[in-house]
Amino acid sequence: MLRIFNRALLAAMALCACAFSYAQDGLMLSDAKVRQFLPAANSSVGYFALENHSERERILKAVELESIGRVEIHTHEHSDGMMKMRKLDSLTIGANSRVVLQPGGLHLMLFSPQQALSVDQTLKMTLIFADGERVNGQARVFSLIEQKRDSGSEHHHN
């Protein structure tokens, strides 16, 4: 019974986290989060969803995050029988479409933290588009433990 309650509570918390969205000029940024840097690590990851509710495509050129030295947009692709990560110079969001950055697919790579990040801390986030447009929002810091729990990987280990 407690396990069912805990799962229901986690689901409710996830819905609340998704509720934080930022809309501007037909673009809606939601569920922005960055994983806390592991001890002695110089890189981490970030995710978000971006909806384009306009009739024109948008081209995301860069992402800035408070307290992070460098942010790159990356993708995973299958090449020569292996999954490889590749940096993207831009990301096109089609008219009336949605792009989700998530584990195993499109994602942000974060480098050179300027300070230690705390779980549940929020960071200012700015999406910068090819036409100079900017969308501002916030990203929540989460832990590796939370990521493993949410992906269900804890159920595959003894």
# chains A, B, ... in the order shown; residues from 1 in each chain; ligands from 1

call {"tool": "select_by_dssp", "arguments": {"residues": "region 85-150 of chain A", "states": "strand (DSSP E)", "output": "CSV table (one decimal) with N, CA and C atoms, in the first residue's frame"}}
result
chain,number,residue,atom,x,y,z
A,85,MET,N,27.1,10.3,-29.6
A,85,MET,CA,26.6,11.6,-29.3
A,85,MET,C,27.2,12.6,-30.3
A,86,ARG,N,26.4,13.6,-30.8
A,86,ARG,CA,26.9,14.5,-31.7
A,86,ARG,C,26.3,15.9,-31.4
A,87,LYS,N,27.2,16.9,-31.4
A,87,LYS,CA,26.8,18.3,-31.1
A,87,LYS,C,26.1,18.8,-32.4
A,88,LEU,N,25.0,19.6,-32.1
A,88,LEU,CA,24.2,20.3,-33.1
A,88,LEU,C,24.5,21.8,-33.1
A,91,LEU,N,18.9,23.7,-33.8
A,91,LEU,CA,17.8,22.8,-33.7
A,91,LEU,C,16.5,23.4,-34.2
A,92,THR,N,15.9,22.8,-35.3
A,92,THR,CA,14.7,23.4,-35.9
A,92,THR,C,13.5,22.9,-35.2
A,93,ILE,N,12.6,23.8,-34.8
A,93,ILE,CA,11.3,23.4,-34.3
A,93,ILE,C,10.3,23.9,-35.3
A,97,SER,N,4.6,22.5,-33.9
A,97,SER,CA,5.2,21.2,-33.4
A,97,SER,C,5.8,21.3,-32.1
A,98,ARG,N,6.3,20.2,-31.6
A,98,ARG,CA,6.8,20.1,-30.2
A,98,ARG,C,8.1,19.3,-30.3
A,99,VAL,N,9.2,19.8,-29.6
A,99,VAL,CA,10.4,19.1,-29.5
A,99,VAL,C,10.7,18.8,-28.0
A,100,VAL,N,11.1,17.6,-27.7
A,100,VAL,CA,11.4,17.2,-26.4
A,100,VAL,C,12.9,16.8,-26.3
A,101,LEU,N,13.6,17.4,-25.4
A,101,LEU,CA,15.0,17.0,-25.1
A,101,LEU,C,14.9,16.1,-23.9
A,107,HIS,N,19.3,16.4,-26.2
A,107,HIS,CA,19.6,16.9,-24.9
A,107,HIS,C,20.6,18.0,-24.9
A,108,LEU,N,20.7,18.6,-23.7
A,108,LEU,CA,21.8,19.7,-23.5
A,108,LEU,C,23.0,19.0,-22.8
A,109,MET,N,24.2,19.4,-23.2
A,109,MET,CA,25.4,19.1,-22.5
A,109,MET,C,25.8,20.4,-21.8
A,110,LEU,N,26.1,20.3,-20.5
A,110,LEU,CA,26.5,21.4,-19.7
A,110,LEU,C,27.9,21.2,-19.3
A,111,PHE,N,28.7,22.3,-19.4
A,111,PHE,CA,30.1,22.2,-19.1
A,111,PHE,C,30.5,23.4,-18.2
A,112,SER,N,31.6,23.2,-17.4
A,112,SER,CA,32.2,24.2,-16.6
A,112,SER,C,31.2,24.9,-15.7
A,113,PRO,N,30.7,24.2,-14.7
A,113,PRO,CA,29.9,24.9,-13.7
A,113,PRO,C,30.7,26.0,-12.9
A,122,THR,N,16.8,26.5,-8.7
A,122,THR,CA,16.4,26.9,-10.0
A,122,THR,C,17.4,27.8,-10.6
A,123,LEU,N,17.6,27.6,-11.9
A,123,LEU,CA,18.6,28.4,-12.7
A,123,LEU,C,17.8,29.2,-13.8
A,124,LYS,N,18.2,30.4,-14.0
A,124,LYS,CA,17.7,31.2,-15.2
A,124,LYS,C,18.2,30.5,-16.4
A,125,MET,N,17.2,30.4,-17.4
A,125,MET,CA,17.5,29.7,-18.7
A,125,MET,C,17.1,30.7,-19.8
A,126,THR,N,17.9,30.8,-20.8
A,126,THR,CA,17.5,31.6,-22.0
A,126,THR,C,17.8,30.8,-23.2
A,127,LEU,N,16.7,30.7,-24.1
A,127,LEU,CA,16.8,30.0,-25.4
A,127,LEU,C,17.0,31.1,-26.4
A,128,ILE,N,18.0,31.0,-27.2
A,128,ILE,CA,18.3,32.0,-28.2
A,128,ILE,C,18.1,31.5,-29.6
A,129,PHE,N,17.3,32.2,-30.4
A,129,PHE,CA,17.0,31.7,-31.7
A,129,PHE,C,17.7,32.5,-32.8
A,134,ARG,N,14.5,35.7,-28.1
A,134,ARG,CA,14.9,35.0,-26.8
A,134,ARG,C,13.7,34.6,-26.0
A,135,VAL,N,13.8,33.4,-25.5
A,135,VAL,CA,12.7,32.9,-24.6
A,135,VAL,C,13.4,32.6,-23.2
A,136,ASN,N,12.9,33.2,-22.2
A,136,ASN,CA,13.4,33.1,-20.9
A,136,ASN,C,12.6,32.1,-20.0
A,137,GLY,N,13.2,31.4,-19.2
A,137,GLY,CA,12.5,30.5,-18.2
A,137,GLY,C,13.4,30.1,-17.1
A,138,GLN,N,13.1,29.1,-16.4
A,138,GLN,CA,13.9,28.5,-15.3
A,138,GLN,C,14.0,27.0,-15.5
A,139,ALA,N,15.1,26.5,-15.0
A,139,ALA,CA,15.4,25.1,-15.0
A,139,ALA,C,15.6,24.6,-13.6
A,140,ARG,N,15.0,23.5,-13.2
A,140,ARG,CA,15.2,23.0,-11.9
A,140,ARG,C,16.3,22.0,-11.9
A,141,VAL,N,17.1,22.0,-10.8
A,141,VAL,CA,18.3,21.1,-10.7
A,141,VAL,C,17.7,19.8,-10.0
A,142,PHE,N,18.1,18.7,-10.6
A,142,PHE,CA,17.7,17.4,-10.1
A,142,PHE,C,18.9,16.5,-9.9

call {"tool": "closest_residue", "arguments": {"among": "A:Glu66, A:Asp25, A:Asp31, A:Glu72", "to": "Ser43 (chain A)", "atoms": "only C-alpha atoms"}}
result
A:Glu72

call {"tool": "atom_distance", "arguments": {"atom1": "CA of Leu27 (chain A)", "atom2": "CA of Val71 (chain A)"}}
result
20.3 Å

call {"tool": "atom_distance", "arguments": {"atom1": "CA of Ile145 (chain A)", "atom2": "CA of Leu117 (chain A)"}}
result
14.8 Å

call {"tool": "closest_residue", "arguments": {"among": "A:Asn96, A:Phe37, A:Tyr47, A:His53", "to": "Ser67 (chain A)", "atoms": "only C-alpha atoms"}}
result
A:Phe37

call {"tool": "atom_distance", "arguments": {"atom1": "CA of Leu60 (chain A)", "atom2": "CA of Gln115 (chain A)"}}
result
26.1 Å
